[in-house]
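Here's coords.pdb, which has PDB, N, CA and C atoms:
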MODEL        1
ATOM      1  N   MET J   1     -64.796  13.089   5.207
ATOM      2  CA  MET J   1     -63.610  12.307   4.875
ATOM      3  C   MET J   1     -62.559  12.406   5.960
ATOM      4  N   ALA J   2     -61.800  11.335   6.116
ATOM      5  CA  ALA J   2     -60.730  11.324   7.105
ATOM      6  C   ALA J   2     -59.543  12.112   6.577
ATOM      7  N   GLU J   3     -58.976  12.864   7.476
ATOM      8  CA  GLU J   3     -57.837  13.689   7.079
ATOM      9  C   GLU J   3     -56.562  12.856   7.148
ATOM     10  N   LYS J   4     -55.730  12.920   6.095
ATOM     11  CA  LYS J   4     -54.473  12.182   6.062
ATOM     12  C   LYS J   4     -53.444  12.883   6.932
ATOM     13  N   LYS J   5     -52.733  12.089   7.716
ATOM     14  CA  LYS J   5     -51.647  12.661   8.509
ATOM     15  C   LYS J   5     -50.415  12.762   7.628
ATOM     16  N   VAL J   6     -49.803  13.905   7.670
ATOM     17  CA  VAL J   6     -48.603  14.143   6.877
ATOM     18  C   VAL J   6     -47.439  14.310   7.837
ATOM     19  N   ASN J   7     -46.347  13.653   7.507
ATOM     20  CA  ASN J   7     -45.154  13.780   8.326
ATOM     21  C   ASN J   7     -44.616  15.194   8.165
ATOM     22  N   THR J   8     -44.666  15.965   9.226
ATOM     23  CA  THR J   8     -44.250  17.361   9.150
ATOM     24  C   THR J   8     -42.757  17.540   9.380
ATOM     25  N   LYS J   9     -42.089  16.497   9.825
ATOM     26  CA  LYS J   9     -40.640  16.602  10.020
ATOM     27  C   LYS J   9     -39.969  16.568   8.651
ATOM     28  N   ALA J  10     -39.247  17.607   8.369
ATOM     29  CA  ALA J  10     -38.603  17.713   7.065
ATOM     30  C   ALA J  10     -37.439  16.729   6.968
ATOM     31  N   LYS J  11     -37.326  16.100   5.842
ATOM     32  CA  LYS J  11     -36.215  15.169   5.631
ATOM     33  C   LYS J  11     -34.913  15.933   5.408
ATOM     34  N   ALA J  12     -35.017  17.225   5.203
ATOM     35  CA  ALA J  12     -33.822  18.032   4.987
ATOM     36  C   ALA J  12     -32.943  18.073   6.232
ATOM     37  N   GLU J  13     -33.497  17.723   7.384
ATOM     38  CA  GLU J  13     -32.712  17.722   8.613
ATOM     39  C   GLU J  13     -31.623  16.661   8.569
ATOM     40  N   GLU J  14     -31.871  15.567   7.900
ATOM     41  CA  GLU J  14     -30.892  14.491   7.789
ATOM     42  C   GLU J  14     -29.989  14.769   6.600
ATOM     43  N   PRO J  15     -28.675  14.653   6.788
ATOM     44  CA  PRO J  15     -27.784  14.887   5.642
ATOM     45  C   PRO J  15     -27.996  13.807   4.586
ATOM     46  N   LYS J  16     -27.998  14.231   3.352
ATOM     47  CA  LYS J  16     -28.179  13.279   2.255
ATOM     48  C   LYS J  16     -26.879  12.507   2.070
ATOM     49  N   ARG J  17     -26.996  11.222   2.017
ATOM     50  CA  ARG J  17     -25.821  10.372   1.862
ATOM     51  C   ARG J  17     -25.867   9.692   0.506
ATOM     52  N   GLY J  18     -24.699   9.586  -0.098
ATOM     53  CA  GLY J  18     -24.591   8.889  -1.368
ATOM     54  C   GLY J  18     -24.474   7.398  -1.128
ATOM     55  N   ARG J  19     -24.466   6.682  -2.183
ATOM     56  CA  ARG J  19     -24.329   5.232  -2.074
ATOM     57  C   ARG J  19     -22.863   4.860  -1.972
ATOM     58  N   GLY J  20     -22.594   3.737  -1.344
ATOM     59  CA  GLY J  20     -21.236   3.207  -1.275
ATOM     60  C   GLY J  20     -20.448   3.737  -0.097
ATOM     61  N   ARG J  21     -19.155   3.486  -0.149
ATOM     62  CA  ARG J  21     -18.266   3.890   0.941
ATOM     63  C   ARG J  21     -18.056   5.403   0.926
ATOM     64  N   PRO J  22     -17.837   5.976   2.107
ATOM     65  CA  PRO J  22     -17.527   7.405   2.151
ATOM     66  C   PRO J  22     -16.136   7.659   1.563
ATOM     67  N   ARG J  23     -15.935   8.853   1.048
ATOM     68  CA  ARG J  23     -14.638   9.186   0.462
ATOM     69  C   ARG J  23     -13.584   9.326   1.552
ATOM     70  N   VAL J  24     -12.382   8.923   1.217
ATOM     71  CA  VAL J  24     -11.267   8.991   2.146
ATOM     72  C   VAL J  24     -10.392  10.162   1.724
ATOM     73  N   ALA J  25      -9.952  10.952   2.695
ATOM     74  CA  ALA J  25      -9.166  12.147   2.394
ATOM     75  C   ALA J  25      -7.812  11.800   1.759
ATOM     76  N   ASN J  26      -7.110  10.838   2.318
ATOM     77  CA  ASN J  26      -5.778  10.485   1.821
ATOM     78  C   ASN J  26      -5.820   9.078   1.232
ATOM     79  N   LYS J  27      -6.524   8.954   0.136
ATOM     80  CA  LYS J  27      -6.744   7.646  -0.475
ATOM     81  C   LYS J  27      -5.436   7.057  -0.999
ATOM     82  N   LYS J  28      -5.272   5.775  -0.799
ATOM     83  CA  LYS J  28      -4.077   5.083  -1.272
ATOM     84  C   LYS J  28      -4.357   4.460  -2.632
ATOM     85  N   LYS J  29      -3.313   4.298  -3.413
ATOM     86  CA  LYS J  29      -3.422   3.679  -4.725
ATOM     87  C   LYS J  29      -2.667   2.359  -4.691
ATOM     88  N   GLN J  30      -3.164   1.395  -5.404
ATOM     89  CA  GLN J  30      -2.554   0.066  -5.431
ATOM     90  C   GLN J  30      -1.558  -0.027  -6.579
ATOM     91  N   TYR J  31      -0.393  -0.629  -6.300
ATOM     92  CA  TYR J  31       0.654  -0.824  -7.306
ATOM     93  C   TYR J  31       1.118  -2.272  -7.265
ATOM     94  N   THR J  32       1.774  -2.677  -8.331
ATOM     95  CA  THR J  32       2.351  -4.013  -8.398
ATOM     96  C   THR J  32       3.846  -3.903  -8.152
ATOM     97  N   LEU J  33       4.363  -4.779  -7.323
ATOM     98  CA  LEU J  33       5.774  -4.782  -6.970
ATOM     99  C   LEU J  33       6.356  -6.129  -7.358
ATOM    100  N   THR J  34       7.461  -6.111  -8.062
ATOM    101  CA  THR J  34       8.116  -7.355  -8.471
ATOM    102  C   THR J  34       9.411  -7.508  -7.703
ATOM    103  N   MET J  35       9.611  -8.686  -7.090
ATOM    104  CA  MET J  35      10.839  -8.958  -6.353
ATOM    105  C   MET J  35      11.128 -10.444  -6.359
ATOM    106  N   ARG J  36      12.338 -10.772  -5.956
ATOM    107  CA  ARG J  36      12.717 -12.178  -5.872
ATOM    108  C   ARG J  36      11.876 -12.871  -4.802
ATOM    109  N   PRO J  37      11.557 -14.137  -5.015
ATOM    110  CA  PRO J  37      10.753 -14.872  -4.025
ATOM    111  C   PRO J  37      11.383 -14.930  -2.635
ATOM    112  N   ASP J  38      12.713 -15.055  -2.558
ATOM    113  CA  ASP J  38      13.353 -15.115  -1.245
ATOM    114  C   ASP J  38      13.234 -13.784  -0.503
ATOM    115  N   MET J  39      13.295 -12.660  -1.227
ATOM    116  CA  MET J  39      13.119 -11.351  -0.612
ATOM    117  C   MET J  39      11.691 -11.194  -0.103
ATOM    118  N   TYR J  40      10.753 -11.650  -0.906
ATOM    119  CA  TYR J  40       9.344 -11.569  -0.499
ATOM    120  C   TYR J  40       9.111 -12.387   0.767
ATOM    121  N   PHE J  41       9.658 -13.578   0.812
ATOM    122  CA  PHE J  41       9.488 -14.456   1.967
ATOM    123  C   PHE J  41      10.055 -13.810   3.232
ATOM    124  N   GLU J  42      11.256 -13.236   3.123
ATOM    125  CA  GLU J  42      11.866 -12.578   4.287
ATOM    126  C   GLU J  42      11.070 -11.348   4.714
ATOM    127  N   ALA J  43      10.611 -10.568   3.752
ATOM    128  CA  ALA J  43       9.825  -9.373   4.074
ATOM    129  C   ALA J  43       8.498  -9.764   4.719
ATOM    130  N   GLN J  44       7.886 -10.801   4.210
ATOM    131  CA  GLN J  44       6.616 -11.275   4.767
ATOM    132  C   GLN J  44       6.811 -11.739   6.212
ATOM    133  N   GLN J  45       7.892 -12.456   6.475
ATOM    134  CA  GLN J  45       8.193 -12.906   7.839
ATOM    135  C   GLN J  45       8.455 -11.723   8.763
ATOM    136  N   GLU J  46       9.180 -10.723   8.277
ATOM    137  CA  GLU J  46       9.476  -9.539   9.087
ATOM    138  C   GLU J  46       8.192  -8.766   9.409
ATOM    139  N   ALA J  47       7.312  -8.629   8.437
ATOM    140  CA  ALA J  47       6.036  -7.945   8.673
ATOM    141  C   ALA J  47       5.224  -8.690   9.721
ATOM    142  N   GLU J  48       5.209  -9.996   9.630
ATOM    143  CA  GLU J  48       4.482 -10.823  10.599
ATOM    144  C   GLU J  48       5.093 -10.675  11.996
ATOM    145  N   ARG J  49       6.410 -10.661  12.072
ATOM    146  CA  ARG J  49       7.101 -10.504  13.349
ATOM    147  C   ARG J  49       6.758  -9.168  14.005
ATOM    148  N   ARG J  50       6.656  -8.110  13.175
ATOM    149  CA  ARG J  50       6.339  -6.767  13.688
ATOM    150  C   ARG J  50       4.843  -6.566  13.924
ATOM    151  N   GLY J  51       4.040  -7.473  13.403
ATOM    152  CA  GLY J  51       2.596  -7.338  13.563
ATOM    153  C   GLY J  51       1.973  -6.303  12.646
ATOM    154  N   ILE J  52       2.579  -6.124  11.465
ATOM    155  CA  ILE J  52       2.050  -5.180  10.480
ATOM    156  C   ILE J  52       1.867  -5.902   9.152
ATOM    157  N   SER J  53       1.192  -5.266   8.233
ATOM    158  CA  SER J  53       0.982  -5.882   6.923
ATOM    159  C   SER J  53       2.244  -5.773   6.071
ATOM    160  N   PHE J  54       2.311  -6.607   5.056
ATOM    161  CA  PHE J  54       3.422  -6.556   4.101
ATOM    162  C   PHE J  54       3.472  -5.173   3.463
ATOM    163  N   SER J  55       2.321  -4.650   3.104
ATOM    164  CA  SER J  55       2.227  -3.337   2.478
ATOM    165  C   SER J  55       2.779  -2.246   3.398
ATOM    166  N   ALA J  56       2.435  -2.306   4.677
ATOM    167  CA  ALA J  56       2.925  -1.310   5.641
ATOM    168  C   ALA J  56       4.439  -1.414   5.794
ATOM    169  N   LEU J  57       4.961  -2.626   5.809
ATOM    170  CA  LEU J  57       6.407  -2.819   5.923
ATOM    171  C   LEU J  57       7.127  -2.163   4.748
ATOM    172  N   ILE J  58       6.651  -2.416   3.543
ATOM    173  CA  ILE J  58       7.284  -1.849   2.347
ATOM    174  C   ILE J  58       7.156  -0.330   2.342
ATOM    175  N   ALA J  59       5.983   0.188   2.703
ATOM    176  CA  ALA J  59       5.770   1.637   2.737
ATOM    177  C   ALA J  59       6.700   2.290   3.762
ATOM    178  N   ASN J  60       6.821   1.683   4.949
ATOM    179  CA  ASN J  60       7.709   2.227   5.977
ATOM    180  C   ASN J  60       9.163   2.216   5.514
ATOM    181  N   ALA J  61       9.571   1.141   4.881
ATOM    182  CA  ALA J  61      10.947   1.035   4.385
ATOM    183  C   ALA J  61      11.221   2.106   3.329
ATOM    184  N   LEU J  62      10.261   2.354   2.469
ATOM    185  CA  LEU J  62      10.431   3.369   1.424
ATOM    186  C   LEU J  62      10.506   4.765   2.031
ATOM    187  N   VAL J  63       9.677   5.039   3.029
ATOM    188  CA  VAL J  63       9.723   6.344   3.702
ATOM    189  C   VAL J  63      11.088   6.548   4.350
ATOM    190  N   GLU J  64      11.587   5.537   5.051
ATOM    191  CA  GLU J  64      12.914   5.636   5.683
ATOM    192  C   GLU J  64      13.992   5.884   4.639
ATOM    193  N   TYR J  65      13.937   5.159   3.540
ATOM    194  CA  TYR J  65      14.930   5.315   2.478
ATOM    195  C   TYR J  65      14.892   6.724   1.905
ATOM    196  N   LEU J  66      13.702   7.218   1.616
ATOM    197  CA  LEU J  66      13.575   8.546   1.022
ATOM    198  C   LEU J  66      13.982   9.651   1.999
ATOM    199  N   ASP J  67      13.763   9.441   3.288
ATOM    200  CA  ASP J  67      14.162  10.418   4.300
ATOM    201  C   ASP J  67      15.677  10.544   4.389
ATOM    202  N   ARG J  68      16.386   9.473   4.109
ATOM    203  CA  ARG J  68      17.851   9.479   4.169
ATOM    204  C   ARG J  68      18.479  10.150   2.949
ATOM    205  N   GLN J  69      17.731  10.323   1.906
ATOM    206  CA  GLN J  69      18.266  10.914   0.674
ATOM    207  C   GLN J  69      18.456  12.420   0.776
TER     208      GLN J  69
ENDMDL
END
As a first step, turn the structure in this file into structure tokens.
Amino acid sequence: MAEKKVNTKAKAEEPKRGRGRPRVANKKKQYTLTMRPDMYFEAQQEAERRGISFSALIANALVEYLDRQ
């Protein structure tokens, strides 16, 4: 009978990976923010002018505000 070749390289050498995206150390949470439409429009324009997202603009503004307290 022919001898079967067995893969001798152990699969344990490769780290086992789970399904989906890898976990993020400093995960962000999503919130809903309510504001006047004119404020939103101005903030959106300012974020675009700075080349950042609306979310980043609001987060930066909140950090600055809290630092002043």
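Here atom CA of Tyr65 of chain J and atom CA of Glu42 of chain J stand 18.2 Å from one another.
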Could you work out how far atom C of Gln69 of chain J lies from atom CA of Pro37 of chain J, giving the answer in Å with one decimal?
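Separation of atom CA of Pro37 of chain J and atom C of Gln69 of chain J: 28.8 Å.
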Neighbouring residues of segment 29-31 of chain J were defined as those with any atom within 12 Å, considering only C-alpha atoms; residues of the same chain fewer than 3 positions away were excluded. Please report them as a ChimeraX atom specification.
/J:24,26,34,55,58-59
Output as JSON the centre and edge lengths (Å, one decimal) of the box along x, y and z of the file that holds every listed atom of segment 24-38 of chain J after adding 3 Å on each side.
{"center_x": 0.5, "center_y": -1.5, "center_z": -2.9, "size_x": 31.7, "size_y": 33.3, "size_z": 17.2}
Find the residue from J:Ala25, J:Ala43, J:Leu33, J:Gly20 that sits nearest to Leu57 of chain J; use all atoms listed in the file when measuring.
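Closest to Leu57 of chain J, using all atoms listed in the file: J:Ala43.
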